[in-house]
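Enquirer: Pasting a structure here, questions to come.
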Amino acid sequence: FIIPEFETFSKEIEEIYWKCKSNTEGKVASYIPQLARANPDYWGVSICTVDGQRFSLGDVNVPFTLQSCSKPLTYAIALDQLGEDLVHQYVGQEPSGRNFNELILDYNKKPHNPMINAGAILVCALLKTLVKPEMTLAEKFDFTMNYFERLAGGEDLGFNNAIFLSEREAADRNYALGFYMREHKCYPEKTSFRECMDFYFQCCSMETNCDIVSVMAATLANGGICPLTEEKVLGPESVRNVLSLMHSCGMYDYSGQFAFTVGLPAKSGVCGGLLVVIPNVMGICTWSPSLDALGNSCRGVQFCEELVKKFNFHRYDNL
Ligand code: GLN
């Protein structure tokens, strides 16, 4: 086993869990009523190792939408289907240093990276327009959900239609980003703007829980092979690229500090989910809806910081 004394390890995780539970900082997202109603008390932590040992604590079966945690997943599919060179003709690899939905492109007039809204909208355009272009939007939705499910070891994902509809209603900024990119001819030819935006909102509205996301994270930790099914879902080159950009860009405008203090690739979402990868060791998902000023889950960030205080999981520990 990769973690030989898993019971002891789980006890340590449990201690960190309880410590973070008493953290009541932050506020739940409020830009749509469906998220504003979220209960800030929810707190779940799930772990899945690359050899399939699992540990879960708290609200790990309560559904929440992936939101921005879908960004590394759609980027991974795009890389796997289209290759790195093609994908990065359209989107950069640089942290933006700005808010995740800031109306800004890089000096080439491309989105900075696939982990912020502009880049993720563009990745959705690539998936819709260049990957199996004959598919309808309905078929592309199924295709993408099926990929997500295989990353999760065959677990069923849900779709939250109320969130999808209100995301789309309250999306002035995302439309502004979308149009700004269209003005600068960022999309591949033949992109349907409306379908691309809908597809982006749909990916954000896929519904999972902590347990399921920890398996997705474990598949990334395991180089693209799901530890539960042993299916090769993604190639290791794609996963390498995904983890690199999660490391530098996955935590909004806290990414640099997170890379410094925690030193692990991670991606947060506005629902309070946090997908964390310890390469070759395990995937972790934490979920707690209260967010800090930068949009990361307060308990999630604290959990990661406590974790690397206790264990040598930081990328540059063990030197
Ligand atoms: N649906 C959200 C948006 O596009 C997702 C962003 C996020 O999770 N930060 O604004």
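Ligands are numbered from 1 in the order shown, residues from 1 within each chain, and chains are lettered A, B, ... in the order they appear in the structure tokens.
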List every residue of stretch 144-254 of chain A that DSSP, applied to the backbone, labels as alpha helix (DSSP H), and write the result as a VMD selection string.
Expert: chain A and resid 144 to 151 161 to 169 172 to 183 193 to 204 210 to 221 236 to 249
Enquirer: Could you pull the residues within 6 Å of stretch 296-313 of chain A, counting only C-alpha atoms, minus those fewer than 3 positions along the same chain, as a ChimeraX atom specification?
Expert: /A:20,262,268,272,286,290-292,317
Enquirer: Go ahead and dump the residues you just picked, N, CA and C atoms, as a compact mmCIF listing (two decimals), in the first residue's frame.
Expert:
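Contents of result-v3.txt, as written:
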```
# COMPACT_ATOMS: atom_id res chain seq x y z
N CYS A 20 -10.72 22.11 11.44
CA CYS A 20 -11.25 23.03 10.42
C CYS A 20 -12.75 23.27 10.60
N VAL A 262 1.29 25.46 0.30
CA VAL A 262 0.80 24.08 0.24
C VAL A 262 1.59 23.26 -0.78
N SER A 268 -10.33 24.99 -7.03
CA SER A 268 -11.49 25.30 -6.21
C SER A 268 -12.66 25.70 -7.09
N GLY A 272 -17.78 25.77 -3.19
CA GLY A 272 -17.04 25.40 -1.99
C GLY A 272 -16.27 24.09 -2.12
N THR A 286 -12.31 18.34 -0.65
CA THR A 286 -12.96 18.93 0.52
C THR A 286 -14.13 19.77 0.03
N SER A 290 -18.59 27.99 2.57
CA SER A 290 -18.14 29.35 2.90
C SER A 290 -16.83 29.68 2.21
N LEU A 291 -16.84 30.81 1.50
CA LEU A 291 -15.68 31.20 0.70
C LEU A 291 -14.98 32.41 1.30
N ASP A 292 -13.67 32.50 1.08
CA ASP A 292 -12.95 33.71 1.49
C ASP A 292 -13.08 34.78 0.41
N ASP A 317 8.92 19.42 -0.20
CA ASP A 317 9.37 18.74 1.02
C ASP A 317 10.31 17.64 0.55
```
Enquirer: Where does chain A meet ligand 1 within 8 Å, residue by residue, with the nearest atom pair and distance in Å to one decimal for each, counting only C-alpha atoms and all ligand atoms, listed by chain and rising number, as a tab-separated table?
Expert:
```
residue	atom	partner	partner_atom_place_in_ligand_line	distance
A:Leu66	CA	ligand 1	8 (O)	7.5
A:Gln67	CA	ligand 1	8 (O)	4.3
A:Ser68	CA	ligand 1	8 (O)	3.6
A:Cys69	CA	ligand 1	8 (O)	6.8
A:Phe100	CA	ligand 1	9 (N)	6.6
A:Asn101	CA	ligand 1	10 (O)	6.7
A:Ile116	CA	ligand 1	9 (N)	7.7
A:Asn117	CA	ligand 1	4 (O)	5.9
A:Glu167	CA	ligand 1	1 (N)	6.1
A:Ala171	CA	ligand 1	10 (O)	7.1
A:Arg173	CA	ligand 1	10 (O)	7.8
A:Asn174	CA	ligand 1	4 (O)	6.3
A:Tyr200	CA	ligand 1	4 (O)	7.8
A:Phe201	CA	ligand 1	1 (N)	6.3
A:Cys204	CA	ligand 1	1 (N)	5.4
A:Ser205	CA	ligand 1	1 (N)	7.5
A:Tyr252	CA	ligand 1	9 (N)	8.0
A:Ser268	CA	ligand 1	8 (O)	7.0
A:Gly269	CA	ligand 1	8 (O)	3.8
A:Val270	CA	ligand 1	8 (O)	3.7
A:Cys271	CA	ligand 1	8 (O)	6.6
A:Gly295	CA	ligand 1	9 (N)	6.7
```
Enquirer: Counting only C-alpha atoms, which residue out of A:Ala221, A:Leu73, A:Leu105, A:Val215 sits closest to A:Gly154?
Expert: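 With only C-alpha atoms as the atom set, the closest residue is A:Val215.
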Enquirer: Find, counting only C-alpha atoms, the residue in A:Gln257, A:Ser288, A:Gln81, A:Asn160 that gets nearest to A:Glu237.
Expert: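 Once distances to A:Glu237 are computed over only C-alpha atoms, the minimum belongs to A:Gln81.
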Enquirer: Which residue, A:Val213, A:Val239, A:Cys124, A:Leu220, has the smallest gap to A:Leu274 when you use only C-alpha atoms?
Expert: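 Checking each candidate against A:Leu274, we get A:Val213 as the closest.
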Enquirer: Could you give me, as an mmCIF file with C-alpha atoms, in the first residue's frame, the residues within 12 Å of A:Ile121, counting only C-alpha atoms and dropping anything in the same chain fewer than 4 positions from it?
Expert:
```cif
data_model
loop_
_atom_site.group_PDB
_atom_site.id
_atom_site.type_symbol
_atom_site.label_atom_id
_atom_site.label_comp_id
_atom_site.auth_asym_id
_atom_site.auth_seq_id
_atom_site.Cartn_x
_atom_site.Cartn_y
_atom_site.Cartn_z
ATOM 1 C CA SER A 68 -14.935 25.738 -11.480
ATOM 2 C CA SER A 70 -14.963 21.275 -13.880
ATOM 3 C CA LYS A 71 -12.305 23.482 -15.499
ATOM 4 C CA THR A 74 -12.735 19.878 -19.490
ATOM 5 C CA TYR A 75 -9.168 21.049 -20.111
ATOM 6 C CA TYR A 90 -5.958 29.103 -28.288
ATOM 7 C CA VAL A 91 -5.222 29.450 -24.588
ATOM 8 C CA PHE A 100 -11.168 34.600 -12.166
ATOM 9 C CA ASN A 101 -13.803 36.496 -14.137
ATOM 10 C CA LYS A 110 -5.754 34.883 -25.751
ATOM 11 C CA PRO A 111 -7.208 33.898 -22.387
ATOM 12 C CA HIS A 112 -4.424 33.558 -19.826
ATOM 13 C CA ASN A 113 -5.065 29.932 -18.854
ATOM 14 C CA PRO A 114 -7.809 27.271 -18.801
ATOM 15 C CA MET A 115 -8.455 27.576 -15.043
ATOM 16 C CA ILE A 116 -10.154 30.989 -15.193
ATOM 17 C CA ASN A 117 -13.514 31.701 -16.794
ATOM 18 C CA ALA A 125 -15.546 26.043 -27.551
ATOM 19 C CA LEU A 126 -12.674 23.727 -28.501
ATOM 20 C CA LEU A 127 -14.501 20.705 -27.116
ATOM 21 C CA LYS A 128 -17.718 21.661 -28.862
ATOM 22 C CA ARG A 173 -19.831 38.892 -16.990
ATOM 23 C CA ASN A 174 -19.393 35.513 -18.651
ATOM 24 C CA TYR A 175 -21.193 36.768 -21.762
ATOM 25 C CA ALA A 176 -19.007 39.862 -21.707
ATOM 26 C CA LEU A 177 -15.943 37.612 -21.590
ATOM 27 C CA GLY A 178 -17.380 35.490 -24.371
ATOM 28 C CA PHE A 179 -18.065 38.465 -26.630
ATOM 29 C CA TYR A 180 -14.721 40.049 -25.844
ATOM 30 C CA MET A 181 -13.048 36.852 -27.041
ATOM 31 C CA ARG A 182 -15.229 36.783 -30.121
ATOM 32 C CA CYS A 186 -10.222 33.762 -30.151
ATOM 33 C CA TYR A 187 -12.552 30.909 -31.128
ATOM 34 C CA THR A 191 -17.933 28.089 -33.171
ATOM 35 C CA PHE A 193 -21.327 31.272 -29.514
ATOM 36 C CA ARG A 194 -24.623 30.367 -27.882
ATOM 37 C CA GLU A 195 -23.865 26.651 -27.769
ATOM 38 C CA CYS A 196 -20.411 27.288 -26.394
ATOM 39 C CA MET A 197 -21.740 29.436 -23.540
ATOM 40 C CA ASP A 198 -24.487 26.928 -22.745
ATOM 41 C CA PHE A 199 -21.959 24.136 -22.707
ATOM 42 C CA TYR A 200 -19.795 26.084 -20.265
ATOM 43 C CA PHE A 201 -22.772 26.646 -17.903
ATOM 44 C CA GLN A 202 -23.694 22.968 -18.224
ATOM 45 C CA CYS A 203 -20.210 21.839 -17.209
ATOM 46 C CA CYS A 204 -20.394 24.154 -14.172
#
```
Enquirer: Find the residues near stretch 59-64 of chain A: any atom within 12 Å, counting only C-alpha atoms, skip ones fewer than 5 places away on the same chain, and give them as an MDAnalysis selection string.
Expert: chainID A and resid 17 21 34:35 38:47 69 156:160 163 204:214 269:274 284:289
Enquirer: For the residues selected in the previous step, produce a file with N, CA and C atoms as a short mmCIF file (atom, residue, chain, number, x, y, z; two decimals), in the first residue's frame.
Expert:
```cif
data_model
loop_
_atom_site.label_atom_id
_atom_site.label_comp_id
_atom_site.auth_asym_id
_atom_site.auth_seq_id
_atom_site.Cartn_x
_atom_site.Cartn_y
_atom_site.Cartn_z
N TYR A 17 -9.78 17.46 10.29
CA TYR A 17 -11.18 17.72 9.95
C TYR A 17 -11.88 18.51 11.05
N LYS A 21 -13.42 22.30 11.18
CA LYS A 21 -14.88 22.44 11.34
C LYS A 21 -15.23 23.66 12.18
N GLN A 34 -29.79 30.06 -5.82
CA GLN A 34 -29.57 28.63 -5.54
C GLN A 34 -28.28 28.41 -4.74
N LEU A 35 -27.29 29.25 -4.95
CA LEU A 35 -26.05 29.10 -4.19
C LEU A 35 -26.13 29.87 -2.87
N ALA A 38 -27.14 27.97 0.18
CA ALA A 38 -26.31 26.85 0.66
C ALA A 38 -26.08 26.96 2.17
N ASN A 39 -26.05 25.83 2.82
CA ASN A 39 -25.84 25.79 4.27
C ASN A 39 -24.33 25.85 4.57
N PRO A 40 -23.89 26.93 5.23
CA PRO A 40 -22.45 27.09 5.46
C PRO A 40 -21.87 26.08 6.44
N ASP A 41 -22.73 25.32 7.12
CA ASP A 41 -22.22 24.34 8.09
C ASP A 41 -21.68 23.08 7.45
N TYR A 42 -22.10 22.82 6.21
CA TYR A 42 -21.63 21.60 5.56
C TYR A 42 -20.11 21.54 5.52
N TRP A 43 -19.60 20.36 5.81
CA TRP A 43 -18.13 20.19 5.78
C TRP A 43 -17.83 18.71 5.54
N GLY A 44 -17.20 18.43 4.44
CA GLY A 44 -16.86 17.05 4.11
C GLY A 44 -15.45 16.93 3.58
N VAL A 45 -14.81 15.82 3.89
CA VAL A 45 -13.48 15.52 3.37
C VAL A 45 -13.46 14.07 2.90
N SER A 46 -13.02 13.84 1.67
CA SER A 46 -12.88 12.48 1.16
C SER A 46 -11.50 12.30 0.56
N ILE A 47 -10.99 11.09 0.77
CA ILE A 47 -9.65 10.74 0.29
C ILE A 47 -9.72 9.44 -0.47
N CYS A 69 -14.52 23.56 -10.46
CA CYS A 69 -13.78 22.29 -10.39
C CYS A 69 -13.92 21.52 -11.71
N ASP A 156 -22.31 7.65 -11.06
CA ASP A 156 -23.22 8.51 -11.80
C ASP A 156 -23.09 9.95 -11.34
N LEU A 157 -23.00 10.86 -12.29
CA LEU A 157 -23.05 12.28 -11.97
C LEU A 157 -24.47 12.77 -12.17
N GLY A 158 -24.80 13.88 -11.52
CA GLY A 158 -26.10 14.50 -11.74
C GLY A 158 -25.94 15.81 -12.49
N PHE A 159 -27.06 16.44 -12.73
CA PHE A 159 -27.05 17.75 -13.38
C PHE A 159 -28.09 18.60 -12.66
N ASN A 160 -27.69 19.78 -12.24
CA ASN A 160 -28.61 20.64 -11.50
C ASN A 160 -29.18 21.70 -12.45
N ILE A 163 -29.64 25.35 -11.16
CA ILE A 163 -28.39 26.11 -11.15
C ILE A 163 -27.99 26.48 -12.58
N CYS A 204 -20.39 23.61 -15.53
CA CYS A 204 -20.39 24.15 -14.17
C CYS A 204 -21.52 23.54 -13.34
N SER A 205 -22.60 23.11 -13.98
CA SER A 205 -23.81 22.67 -13.27
C SER A 205 -23.89 21.16 -13.09
N MET A 206 -22.85 20.46 -13.48
CA MET A 206 -22.84 19.01 -13.22
C MET A 206 -22.72 18.82 -11.71
N GLU A 207 -23.47 17.84 -11.22
CA GLU A 207 -23.59 17.70 -9.77
C GLU A 207 -22.88 16.43 -9.29
N THR A 208 -22.12 16.57 -8.22
CA THR A 208 -21.38 15.43 -7.65
C THR A 208 -21.41 15.54 -6.14
N ASN A 209 -20.53 14.83 -5.50
CA ASN A 209 -20.33 15.02 -4.06
C ASN A 209 -18.86 14.78 -3.76
N CYS A 210 -18.53 14.97 -2.50
CA CYS A 210 -17.14 14.92 -2.07
C CYS A 210 -16.48 13.56 -2.39
N ASP A 211 -17.22 12.50 -2.09
CA ASP A 211 -16.72 11.15 -2.34
C ASP A 211 -16.32 10.95 -3.79
N ILE A 212 -17.21 11.38 -4.68
CA ILE A 212 -17.01 11.18 -6.12
C ILE A 212 -15.83 12.01 -6.61
N VAL A 213 -15.76 13.26 -6.16
CA VAL A 213 -14.68 14.13 -6.65
C VAL A 213 -13.32 13.62 -6.16
N SER A 214 -13.30 12.98 -4.98
CA SER A 214 -12.00 12.47 -4.52
C SER A 214 -11.49 11.36 -5.45
N GLY A 269 -13.86 25.63 -6.53
CA GLY A 269 -15.07 26.06 -7.23
C GLY A 269 -15.92 26.91 -6.31
N VAL A 270 -16.80 27.68 -6.91
CA VAL A 270 -17.57 28.66 -6.17
C VAL A 270 -18.62 28.01 -5.25
N CYS A 271 -18.87 26.71 -5.46
CA CYS A 271 -19.76 25.96 -4.56
C CYS A 271 -19.09 25.56 -3.27
N GLY A 272 -17.78 25.77 -3.19
CA GLY A 272 -17.04 25.40 -1.99
C GLY A 272 -16.27 24.09 -2.12
N GLY A 273 -16.31 23.51 -3.30
CA GLY A 273 -15.54 22.29 -3.54
C GLY A 273 -14.07 22.62 -3.76
N LEU A 274 -13.22 21.69 -3.37
CA LEU A 274 -11.78 21.84 -3.62
C LEU A 274 -11.22 20.47 -3.98
N ILE A 284 -7.78 14.16 -3.10
CA ILE A 284 -8.57 14.62 -1.96
C ILE A 284 -9.66 15.54 -2.48
N CYS A 285 -10.83 15.46 -1.90
CA CYS A 285 -11.83 16.50 -2.13
C CYS A 285 -12.29 17.02 -0.79
N THR A 286 -12.31 18.34 -0.65
CA THR A 286 -12.96 18.93 0.52
C THR A 286 -14.13 19.77 0.03
N TRP A 287 -15.14 19.86 0.83
CA TRP A 287 -16.30 20.67 0.46
C TRP A 287 -16.85 21.41 1.66
N SER A 288 -16.90 22.72 1.54
CA SER A 288 -17.52 23.58 2.54
C SER A 288 -17.88 24.87 1.83
N PRO A 289 -19.16 25.27 1.86
CA PRO A 289 -19.60 26.37 1.01
C PRO A 289 -19.08 27.76 1.35
#
```
Enquirer: Distance atom CA of A:Ile3-atom CA of A:Gly283, one decimal place?
Expert: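 According to the coordinates, atom CA of A:Ile3 and atom CA of A:Gly283 are separated by 12.6 Å.
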Enquirer: Using only C-alpha atoms, pick whichever of A:Leu103, A:Pro265, A:Asp51, A:Gly223 has the shortest atom-to-atom distance to A:Pro236.
Expert: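 Using only C-alpha atoms, the shortest distance to A:Pro236 belongs to A:Gly223.
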Enquirer: Near A:Lys267, counting only C-alpha atoms, which residues have an atom at most 7 Å away, once you skip same-chain residues fewer than 5 positions from it, shown as a CSV table (one decimal) with C-alpha atoms, in the first residue's frame?
Expert:
```csv
chain,number,residue,atom,x,y,z
A,69,CYS,CA,-13.8,22.3,-10.4
A,246,MET,CA,-3.7,23.6,-11.4
A,250,GLY,CA,-6.0,26.6,-9.7
A,251,MET,CA,-6.8,28.7,-6.7
A,274,LEU,CA,-11.8,21.8,-3.6
A,275,LEU,CA,-10.1,19.1,-5.7
A,276,VAL,CA,-6.6,18.4,-4.5
```
